[in-house]
>>> print(open('upload_36.pdb').read())   # PDB, N, CA and C atoms
ATOM      1  N   MET A 113      10.737  20.655   5.411
ATOM      2  CA  MET A 113       9.378  21.131   5.199
ATOM      3  C   MET A 113       9.434  22.397   4.327
ATOM      4  N   PRO A 114       8.598  22.462   3.259
ATOM      5  CA  PRO A 114       8.627  23.631   2.383
ATOM      6  C   PRO A 114       8.218  24.903   3.120
ATOM      7  N   ASP A 115       8.802  26.002   2.717
ATOM      8  CA  ASP A 115       8.486  27.314   3.284
ATOM      9  C   ASP A 115       7.106  27.727   2.786
ATOM     10  N   SER A 116       6.178  27.982   3.709
ATOM     11  CA  SER A 116       4.803  28.292   3.311
ATOM     12  C   SER A 116       4.691  29.629   2.585
ATOM     13  N   ASP A 117       5.707  30.499   2.712
ATOM     14  CA  ASP A 117       5.679  31.779   2.014
ATOM     15  C   ASP A 117       6.297  31.699   0.614
ATOM     16  N   ALA A 118       6.987  30.605   0.333
ATOM     17  CA  ALA A 118       7.638  30.454  -0.971
ATOM     18  C   ALA A 118       6.579  30.284  -2.055
ATOM     19  N   PRO A 119       6.828  30.860  -3.245
ATOM     20  CA  PRO A 119       5.857  30.676  -4.330
ATOM     21  C   PRO A 119       5.813  29.206  -4.749
ATOM     22  N   VAL A 120       4.629  28.742  -5.126
ATOM     23  CA  VAL A 120       4.459  27.365  -5.566
ATOM     24  C   VAL A 120       5.008  27.246  -6.989
ATOM     25  N   ARG A 121       5.855  26.240  -7.191
ATOM     26  CA  ARG A 121       6.419  25.982  -8.521
ATOM     27  C   ARG A 121       5.339  25.314  -9.370
ATOM     28  N   THR A 122       5.062  25.879 -10.537
ATOM     29  CA  THR A 122       4.062  25.289 -11.414
ATOM     30  C   THR A 122       4.721  24.746 -12.679
ATOM     31  N   VAL A 123       4.037  23.784 -13.281
ATOM     32  CA  VAL A 123       4.494  23.188 -14.534
ATOM     33  C   VAL A 123       3.306  23.088 -15.483
ATOM     34  N   LYS A 124       3.587  23.079 -16.777
ATOM     35  CA  LYS A 124       2.559  22.758 -17.773
ATOM     36  C   LYS A 124       2.530  21.243 -17.825
ATOM     37  N   CYS A 125       1.571  20.647 -17.147
ATOM     38  CA  CYS A 125       1.525  19.202 -16.961
ATOM     39  C   CYS A 125       1.246  18.471 -18.275
ATOM     40  N   VAL A 126       2.145  17.542 -18.641
ATOM     41  CA  VAL A 126       1.976  16.783 -19.874
ATOM     42  C   VAL A 126       0.792  15.817 -19.776
ATOM     43  N   LYS A 127       0.442  15.412 -18.580
ATOM     44  CA  LYS A 127      -0.648  14.445 -18.398
ATOM     45  C   LYS A 127      -2.009  15.122 -18.394
ATOM     46  N   LEU A 128      -2.133  16.215 -17.648
ATOM     47  CA  LEU A 128      -3.431  16.867 -17.475
ATOM     48  C   LEU A 128      -3.614  18.098 -18.352
ATOM     49  N   GLN A 129      -2.555  18.464 -19.092
ATOM     50  CA  GLN A 129      -2.620  19.551 -20.077
ATOM     51  C   GLN A 129      -3.066  20.895 -19.493
ATOM     52  N   ARG A 130      -2.596  21.175 -18.267
ATOM     53  CA  ARG A 130      -2.890  22.458 -17.636
ATOM     54  C   ARG A 130      -1.691  22.882 -16.813
ATOM     55  N   GLU A 131      -1.649  24.161 -16.493
ATOM     56  CA  GLU A 131      -0.629  24.702 -15.587
ATOM     57  C   GLU A 131      -1.063  24.355 -14.165
ATOM     58  N   LEU A 132      -0.230  23.582 -13.476
ATOM     59  CA  LEU A 132      -0.575  23.097 -12.133
ATOM     60  C   LEU A 132       0.660  23.090 -11.241
ATOM     61  N   PRO A 133       0.470  23.031  -9.918
ATOM     62  CA  PRO A 133       1.623  22.927  -9.014
ATOM     63  C   PRO A 133       2.457  21.687  -9.330
ATOM     64  N   GLY A 134       3.784  21.875  -9.339
ATOM     65  CA  GLY A 134       4.691  20.780  -9.644
ATOM     66  C   GLY A 134       5.123  20.038  -8.391
ATOM     67  N   LEU A 135       5.982  19.066  -8.582
ATOM     68  CA  LEU A 135       6.538  18.278  -7.480
ATOM     69  C   LEU A 135       7.640  19.073  -6.789
ATOM     70  N   ASP A 136       7.905  18.743  -5.536
ATOM     71  CA  ASP A 136       8.942  19.441  -4.776
ATOM     72  C   ASP A 136      10.346  19.012  -5.169
ATOM     73  N   GLU A 137      10.481  17.801  -5.678
ATOM     74  CA  GLU A 137      11.794  17.278  -6.076
ATOM     75  C   GLU A 137      11.583  16.151  -7.082
ATOM     76  N   PRO A 138      12.620  15.794  -7.840
ATOM     77  CA  PRO A 138      12.465  14.679  -8.782
ATOM     78  C   PRO A 138      12.071  13.400  -8.020
ATOM     79  N   PRO A 139      11.020  12.717  -8.482
ATOM     80  CA  PRO A 139      10.504  11.567  -7.760
ATOM     81  C   PRO A 139      11.180  10.244  -8.126
ATOM     82  N   TRP A 140      12.089  10.289  -9.080
ATOM     83  CA  TRP A 140      12.716   9.071  -9.609
ATOM     84  C   TRP A 140      14.128   9.452 -10.024
ATOM     85  N   PRO A 141      15.061   8.532  -9.940
ATOM     86  CA  PRO A 141      16.435   8.876 -10.322
ATOM     87  C   PRO A 141      16.615   9.050 -11.838
ATOM     88  N   GLY A 142      17.662   9.732 -12.196
ATOM     89  CA  GLY A 142      18.068   9.810 -13.602
ATOM     90  C   GLY A 142      17.245  10.745 -14.465
ATOM     91  N   GLU A 143      17.385  10.539 -15.759
ATOM     92  CA  GLU A 143      16.731  11.362 -16.782
ATOM     93  C   GLU A 143      15.210  11.314 -16.658
ATOM     94  N   LEU A 144      14.650  10.141 -16.414
ATOM     95  CA  LEU A 144      13.191  10.026 -16.291
ATOM     96  C   LEU A 144      12.690  10.863 -15.119
ATOM     97  N   GLY A 145      13.376  10.804 -13.988
ATOM     98  CA  GLY A 145      12.988  11.606 -12.832
ATOM     99  C   GLY A 145      13.047  13.092 -13.116
ATOM    100  N   ARG A 146      14.081  13.517 -13.859
ATOM    101  CA  ARG A 146      14.206  14.928 -14.228
ATOM    102  C   ARG A 146      13.054  15.355 -15.128
ATOM    103  N   ARG A 147      12.704  14.536 -16.117
ATOM    104  CA  ARG A 147      11.590  14.862 -17.028
ATOM    105  C   ARG A 147      10.270  14.941 -16.266
ATOM    106  N   VAL A 148      10.058  13.999 -15.354
ATOM    107  CA  VAL A 148       8.822  14.011 -14.561
ATOM    108  C   VAL A 148       8.774  15.279 -13.712
ATOM    109  N   TYR A 149       9.877  15.616 -13.063
ATOM    110  CA  TYR A 149       9.941  16.816 -12.225
ATOM    111  C   TYR A 149       9.614  18.075 -13.034
ATOM    112  N   GLU A 150      10.123  18.152 -14.252
ATOM    113  CA  GLU A 150       9.946  19.352 -15.070
ATOM    114  C   GLU A 150       8.590  19.427 -15.774
ATOM    115  N   GLN A 151       7.927  18.283 -15.988
ATOM    116  CA  GLN A 151       6.748  18.282 -16.861
ATOM    117  C   GLN A 151       5.485  17.666 -16.257
ATOM    118  N   VAL A 152       5.561  17.185 -15.014
ATOM    119  CA  VAL A 152       4.412  16.490 -14.429
ATOM    120  C   VAL A 152       3.972  17.216 -13.159
ATOM    121  N   SER A 153       2.667  17.416 -13.023
ATOM    122  CA  SER A 153       2.123  18.086 -11.842
ATOM    123  C   SER A 153       2.009  17.110 -10.672
ATOM    124  N   ALA A 154       1.873  17.676  -9.489
ATOM    125  CA  ALA A 154       1.664  16.862  -8.289
ATOM    126  C   ALA A 154       0.362  16.070  -8.409
ATOM    127  N   ASP A 155      -0.670  16.659  -9.024
ATOM    128  CA  ASP A 155      -1.940  15.957  -9.211
ATOM    129  C   ASP A 155      -1.763  14.731 -10.101
ATOM    130  N   ALA A 156      -1.030  14.896 -11.195
ATOM    131  CA  ALA A 156      -0.788  13.771 -12.110
ATOM    132  C   ALA A 156       0.077  12.711 -11.429
ATOM    133  N   TRP A 157       1.025  13.135 -10.589
ATOM    134  CA  TRP A 157       1.861  12.171  -9.876
ATOM    135  C   TRP A 157       0.999  11.308  -8.948
ATOM    136  N   LYS A 158      -0.042  11.903  -8.335
ATOM    137  CA  LYS A 158      -0.941  11.119  -7.479
ATOM    138  C   LYS A 158      -1.659  10.049  -8.311
ATOM    139  N   LEU A 159      -2.084  10.412  -9.517
ATOM    140  CA  LEU A 159      -2.709   9.430 -10.407
ATOM    141  C   LEU A 159      -1.729   8.298 -10.709
ATOM    142  N   TRP A 160      -0.461   8.669 -10.948
ATOM    143  CA  TRP A 160       0.556   7.659 -11.241
ATOM    144  C   TRP A 160       0.785   6.749 -10.030
ATOM    145  N   GLU A 161       0.817   7.308  -8.833
ATOM    146  CA  GLU A 161       1.051   6.480  -7.643
ATOM    147  C   GLU A 161      -0.022   5.402  -7.515
ATOM    148  N   GLU A 162      -1.273   5.753  -7.840
ATOM    149  CA  GLU A 162      -2.355   4.770  -7.811
ATOM    150  C   GLU A 162      -2.101   3.686  -8.855
ATOM    151  N   ARG A 163      -1.704   4.099 -10.056
ATOM    152  CA  ARG A 163      -1.419   3.145 -11.125
ATOM    153  C   ARG A 163      -0.225   2.265 -10.764
ATOM    154  N   MET A 164       0.819   2.870 -10.188
ATOM    155  CA  MET A 164       2.015   2.122  -9.825
ATOM    156  C   MET A 164       1.682   1.060  -8.781
ATOM    157  N   THR A 165       0.858   1.398  -7.799
ATOM    158  CA  THR A 165       0.453   0.429  -6.784
ATOM    159  C   THR A 165      -0.269  -0.744  -7.443
ATOM    160  N   MET A 166      -1.136  -0.439  -8.390
ATOM    161  CA  MET A 166      -1.862  -1.481  -9.110
ATOM    162  C   MET A 166      -0.883  -2.387  -9.871
ATOM    163  N   ILE A 167       0.104  -1.783 -10.534
ATOM    164  CA  ILE A 167       1.096  -2.557 -11.293
ATOM    165  C   ILE A 167       1.902  -3.453 -10.351
ATOM    166  N   LEU A 168       2.379  -2.888  -9.251
ATOM    167  CA  LEU A 168       3.168  -3.675  -8.290
ATOM    168  C   LEU A 168       2.353  -4.857  -7.758
ATOM    169  N   ASN A 169       1.091  -4.619  -7.439
ATOM    170  CA  ASN A 169       0.232  -5.680  -6.926
ATOM    171  C   ASN A 169      -0.089  -6.718  -8.001
ATOM    172  N   GLU A 170      -0.436  -6.238  -9.194
ATOM    173  CA  GLU A 170      -0.819  -7.126 -10.296
ATOM    174  C   GLU A 170       0.305  -8.097 -10.650
ATOM    175  N   TYR A 171       1.523  -7.571 -10.725
ATOM    176  CA  TYR A 171       2.672  -8.405 -11.100
ATOM    177  C   TYR A 171       3.381  -9.000  -9.881
ATOM    178  N   ARG A 172       2.868  -8.718  -8.690
ATOM    179  CA  ARG A 172       3.474  -9.195  -7.430
ATOM    180  C   ARG A 172       4.961  -8.846  -7.366
ATOM    181  N   LEU A 173       5.231  -7.567  -7.607
ATOM    182  CA  LEU A 173       6.612  -7.082  -7.644
ATOM    183  C   LEU A 173       7.054  -6.571  -6.281
ATOM    184  N   MET A 174       8.320  -6.685  -6.018
ATOM    185  CA  MET A 174       8.934  -6.109  -4.829
ATOM    186  C   MET A 174       9.660  -4.837  -5.274
ATOM    187  N   PRO A 175       9.248  -3.654  -4.800
ATOM    188  CA  PRO A 175       9.761  -2.376  -5.316
ATOM    189  C   PRO A 175      11.281  -2.218  -5.229
ATOM    190  N   TRP A 176      11.943  -2.937  -4.332
ATOM    191  CA  TRP A 176      13.389  -2.781  -4.182
ATOM    192  C   TRP A 176      14.168  -3.610  -5.197
ATOM    193  N   GLN A 177      13.500  -4.503  -5.940
ATOM    194  CA  GLN A 177      14.199  -5.332  -6.918
ATOM    195  C   GLN A 177      14.429  -4.564  -8.216
ATOM    196  N   LYS A 178      15.599  -4.745  -8.789
ATOM    197  CA  LYS A 178      15.985  -4.043 -10.025
ATOM    198  C   LYS A 178      14.966  -4.301 -11.141
ATOM    199  N   GLU A 179      14.526  -5.543 -11.295
ATOM    200  CA  GLU A 179      13.564  -5.877 -12.352
ATOM    201  C   GLU A 179      12.260  -5.103 -12.163
ATOM    202  N   ALA A 180      11.811  -4.985 -10.916
ATOM    203  CA  ALA A 180      10.581  -4.247 -10.629
ATOM    204  C   ALA A 180      10.768  -2.766 -10.950
ATOM    205  N   GLN A 181      11.907  -2.205 -10.574
ATOM    206  CA  GLN A 181      12.182  -0.792 -10.838
ATOM    207  C   GLN A 181      12.230  -0.519 -12.339
ATOM    208  N   ASP A 182      12.828  -1.431 -13.098
ATOM    209  CA  ASP A 182      12.887  -1.262 -14.553
ATOM    210  C   ASP A 182      11.490  -1.289 -15.162
ATOM    211  N   LEU A 183      10.649  -2.229 -14.686
ATOM    212  CA  LEU A 183       9.291  -2.325 -15.207
ATOM    213  C   LEU A 183       8.472  -1.092 -14.826
ATOM    214  N   VAL A 184       8.603  -0.640 -13.590
ATOM    215  CA  VAL A 184       7.884   0.554 -13.133
ATOM    216  C   VAL A 184       8.316   1.769 -13.972
ATOM    217  N   ALA A 185       9.611   1.910 -14.221
ATOM    218  CA  ALA A 185      10.111   3.029 -15.033
ATOM    219  C   ALA A 185       9.520   2.977 -16.441
ATOM    220  N   LYS A 186       9.419   1.788 -17.014
ATOM    221  CA  LYS A 186       8.844   1.627 -18.362
ATOM    222  C   LYS A 186       7.385   2.081 -18.367
ATOM    223  N   TYR A 187       6.624   1.621 -17.385
ATOM    224  CA  TYR A 187       5.219   2.018 -17.298
ATOM    225  C   TYR A 187       5.075   3.512 -16.997
ATOM    226  N   MET A 188       5.967   4.058 -16.168
ATOM    227  CA  MET A 188       5.910   5.485 -15.845
ATOM    228  C   MET A 188       6.131   6.328 -17.101
ATOM    229  N   GLU A 189       7.138   5.957 -17.869
ATOM    230  CA  GLU A 189       7.432   6.669 -19.123
ATOM    231  C   GLU A 189       6.209   6.643 -20.037
ATOM    232  N   GLU A 190       5.594   5.482 -20.165
ATOM    233  CA  GLU A 190       4.411   5.332 -21.005
ATOM    234  C   GLU A 190       3.236   6.144 -20.457
ATOM    235  N   PHE A 191       3.036   6.111 -19.144
ATOM    236  CA  PHE A 191       1.922   6.800 -18.491
ATOM    237  C   PHE A 191       1.980   8.313 -18.730
ATOM    238  N   PHE A 192       3.176   8.885 -18.598
ATOM    239  CA  PHE A 192       3.300  10.337 -18.730
ATOM    240  C   PHE A 192       3.627  10.807 -20.143
ATOM    241  N   PHE A 193       4.430  10.057 -20.873
ATOM    242  CA  PHE A 193       4.967  10.572 -22.136
ATOM    243  C   PHE A 193       4.603   9.743 -23.357
ATOM    244  N   GLY A 194       3.919   8.603 -23.166
ATOM    245  CA  GLY A 194       3.576   7.725 -24.281
ATOM    246  C   GLY A 194       2.312   8.166 -25.000
ATOM    247  N   GLU A 195       1.930   7.378 -25.994
ATOM    248  CA  GLU A 195       0.750   7.704 -26.799
ATOM    249  C   GLU A 195      -0.535   7.701 -25.974
ATOM    250  N   GLU A 196      -0.576   6.880 -24.946
ATOM    251  CA  GLU A 196      -1.776   6.744 -24.121
ATOM    252  C   GLU A 196      -1.739   7.689 -22.920
ATOM    253  N   SER A 197      -1.057   8.817 -23.035
ATOM    254  CA  SER A 197      -0.822   9.661 -21.870
ATOM    255  C   SER A 197      -1.955  10.637 -21.540
ATOM    256  N   ALA A 198      -3.066  10.572 -22.257
ATOM    257  CA  ALA A 198      -4.197  11.450 -21.946
ATOM    258  C   ALA A 198      -4.769  11.075 -20.578
ATOM    259  N   PRO A 199      -5.451  12.012 -19.920
ATOM    260  CA  PRO A 199      -6.045  11.688 -18.616
ATOM    261  C   PRO A 199      -7.031  10.531 -18.748
ATOM    262  N   PRO A 200      -7.207   9.755 -17.682
ATOM    263  CA  PRO A 200      -8.193   8.675 -17.726
ATOM    264  C   PRO A 200      -9.586   9.241 -17.988
ATOM    265  N   PRO A 201     -10.451   8.492 -18.674
ATOM    266  CA  PRO A 201     -11.777   9.009 -19.023
ATOM    267  C   PRO A 201     -12.591   9.455 -17.816
ATOM    268  N   GLU A 202     -12.407   8.809 -16.670
ATOM    269  CA  GLU A 202     -13.180   9.173 -15.473
ATOM    270  C   GLU A 202     -12.615  10.357 -14.732
ATOM    271  N   TYR A 203     -11.449  10.882 -15.177
ATOM    272  CA  TYR A 203     -10.819  12.006 -14.466
ATOM    273  C   TYR A 203     -11.654  13.272 -14.618
ATOM    274  N   VAL A 204     -11.981  13.889 -13.478
ATOM    275  CA  VAL A 204     -12.703  15.155 -13.468
ATOM    276  C   VAL A 204     -11.810  16.175 -12.761
ATOM    277  N   PRO A 205     -11.339  17.198 -13.479
ATOM    278  CA  PRO A 205     -10.459  18.178 -12.840
ATOM    279  C   PRO A 205     -11.168  18.911 -11.710
ATOM    280  N   GLN A 206     -10.392  19.256 -10.683
ATOM    281  CA  GLN A 206     -10.953  20.035  -9.592
ATOM    282  C   GLN A 206     -11.280  21.432 -10.114
ATOM    283  N   GLN A 207     -12.322  22.017  -9.584
ATOM    284  CA  GLN A 207     -12.718  23.370  -9.990
ATOM    285  C   GLN A 207     -11.661  24.367  -9.563
ATOM    286  N   GLN A 208     -11.321  25.296 -10.458
ATOM    287  CA  GLN A 208     -10.369  26.351 -10.119
ATOM    288  C   GLN A 208     -11.005  27.299  -9.116
ATOM    289  N   LYS A 209     -10.229  27.745  -8.147
ATOM    290  CA  LYS A 209     -10.773  28.658  -7.133
ATOM    291  C   LYS A 209     -10.527  30.088  -7.514
TER     292      LYS A 209
END
>>> encode(input="upload_36.pdb", output="structure tokens")
Amino acid sequence: MPDSDAPVRTVKCVKLQRELPGLDEPPWPGELGRRVYEQVSADAWKLWEERMTMILNEYRLMPWQKEAQDLVAKYMEEFFFGEESAPPPEYVPQQQK
């Protein structure tokens, strides 16, 4: 469990184009996981989790299969770092406090 007194790690999120709290640890193995950890906010990761669930369901993939993991990694790379990486049109950022 994270220490509640520890400063929150922030990143300049490539997806949402703002300085936001980052992830606690790399969410994926290898180079892609490292890039996501360094450049993607926790808020953007939540958006990705929704998209990933949709992809897994749409293609009827089993997450533990190598083919599914490869496809998910491809879509993840595109979602965060590809040409279409802007926030979804319906995304409304939370108000800063």
>>> residues_around(input="upload_36.pdb", residues="segment 187-192 of chain A", least_positions_apart="5", cutoff="9 Å", atoms="only C-alpha atoms", output="list in words")
Val126, Lys127, Leu144, Val148, Gln151, Val152, Ala156, Trp160, Arg163, Met164, Ile167, Asp182, Ser197 and Ala198 of chain A
>>> write_last_selection(input="upload_36.pdb", atoms="N, CA and C atoms", output="PDB file, keeping the file's coordinate frame")
ATOM      1  N   VAL A 126       2.145  17.542 -18.641  1.00  0.00           N
ATOM      2  CA  VAL A 126       1.976  16.783 -19.874  1.00  0.00           C
ATOM      3  C   VAL A 126       0.792  15.817 -19.776  1.00  0.00           C
ATOM      4  N   LYS A 127       0.442  15.412 -18.580  1.00  0.00           N
ATOM      5  CA  LYS A 127      -0.648  14.445 -18.398  1.00  0.00           C
ATOM      6  C   LYS A 127      -2.009  15.122 -18.394  1.00  0.00           C
ATOM      7  N   LEU A 144      14.650  10.141 -16.414  1.00  0.00           N
ATOM      8  CA  LEU A 144      13.191  10.026 -16.291  1.00  0.00           C
ATOM      9  C   LEU A 144      12.690  10.863 -15.119  1.00  0.00           C
ATOM     10  N   VAL A 148      10.058  13.999 -15.354  1.00  0.00           N
ATOM     11  CA  VAL A 148       8.822  14.011 -14.561  1.00  0.00           C
ATOM     12  C   VAL A 148       8.774  15.279 -13.712  1.00  0.00           C
ATOM     13  N   GLN A 151       7.927  18.283 -15.988  1.00  0.00           N
ATOM     14  CA  GLN A 151       6.748  18.282 -16.861  1.00  0.00           C
ATOM     15  C   GLN A 151       5.485  17.666 -16.257  1.00  0.00           C
ATOM     16  N   VAL A 152       5.561  17.185 -15.014  1.00  0.00           N
ATOM     17  CA  VAL A 152       4.412  16.490 -14.429  1.00  0.00           C
ATOM     18  C   VAL A 152       3.972  17.216 -13.159  1.00  0.00           C
ATOM     19  N   ALA A 156      -1.030  14.896 -11.195  1.00  0.00           N
ATOM     20  CA  ALA A 156      -0.788  13.771 -12.110  1.00  0.00           C
ATOM     21  C   ALA A 156       0.077  12.711 -11.429  1.00  0.00           C
ATOM     22  N   TRP A 160      -0.461   8.669 -10.948  1.00  0.00           N
ATOM     23  CA  TRP A 160       0.556   7.659 -11.241  1.00  0.00           C
ATOM     24  C   TRP A 160       0.785   6.749 -10.030  1.00  0.00           C
ATOM     25  N   ARG A 163      -1.704   4.099 -10.056  1.00  0.00           N
ATOM     26  CA  ARG A 163      -1.419   3.145 -11.125  1.00  0.00           C
ATOM     27  C   ARG A 163      -0.225   2.265 -10.764  1.00  0.00           C
ATOM     28  N   MET A 164       0.819   2.870 -10.188  1.00  0.00           N
ATOM     29  CA  MET A 164       2.015   2.122  -9.825  1.00  0.00           C
ATOM     30  C   MET A 164       1.682   1.060  -8.781  1.00  0.00           C
ATOM     31  N   ILE A 167       0.104  -1.783 -10.534  1.00  0.00           N
ATOM     32  CA  ILE A 167       1.096  -2.557 -11.293  1.00  0.00           C
ATOM     33  C   ILE A 167       1.902  -3.453 -10.351  1.00  0.00           C
ATOM     34  N   ASP A 182      12.828  -1.431 -13.098  1.00  0.00           N
ATOM     35  CA  ASP A 182      12.887  -1.262 -14.553  1.00  0.00           C
ATOM     36  C   ASP A 182      11.490  -1.289 -15.162  1.00  0.00           C
ATOM     37  N   SER A 197      -1.057   8.817 -23.035  1.00  0.00           N
ATOM     38  CA  SER A 197      -0.822   9.661 -21.870  1.00  0.00           C
ATOM     39  C   SER A 197      -1.955  10.637 -21.540  1.00  0.00           C
ATOM     40  N   ALA A 198      -3.066  10.572 -22.257  1.00  0.00           N
ATOM     41  CA  ALA A 198      -4.197  11.450 -21.946  1.00  0.00           C
ATOM     42  C   ALA A 198      -4.769  11.075 -20.578  1.00  0.00           C
TER      43      ALA A 198
END
>>> residues_around(input="upload_36.pdb", residues="Tyr149 of chain A", least_positions_apart="3", cutoff="6.5 Å", atoms="only N, CA and C atoms", output="ChimeraX atom specification")
/A:135,137-139,144-146,152
>>> atom_distance(input="upload_36.pdb", atom1="atom CA of Met166 of chain A", atom2="atom CA of Gly134 of chain A")
23.2 Å
>>> atom_distance(input="upload_36.pdb", atom1="atom CA of Lys178 of chain A", atom2="atom CA of Gly142 of chain A")
14.5 Å
>>> closest_residue(input="upload_36.pdb", among="A:Glu150, A:Leu183, A:Gln177, A:Thr165", to="Cys125 of chain A", atoms="only N, CA and C atoms")
A:Glu150
>>> closest_residue(input="upload_36.pdb", among="A:Val184, A:Ala154, A:Arg147, A:Pro133", to="Tyr171 of chain A", atoms="only C-alpha atoms")
A:Val184
>>> atom_distance(input="upload_36.pdb", atom1="atom C of Arg172 of chain A", atom2="atom C of Phe193 of chain A")
24.5 Å
>>> resolve_selection(input="upload_36.pdb", expression="the PyMOL selection byres ((chain A and resi 121) around 8)", output="list in words")
Ala118, Pro119, Val120, Thr122, Val123, Lys124, Leu132, Pro133, Gly134, Leu135 and Asp136 of chain A
>>> select_by_dssp(input="upload_36.pdb", residues="segment 120-190 of chain A", states="alpha helix (DSSP H)", output="MDAnalysis selection string")
chainID A and resid 142:151 154:170 178:190
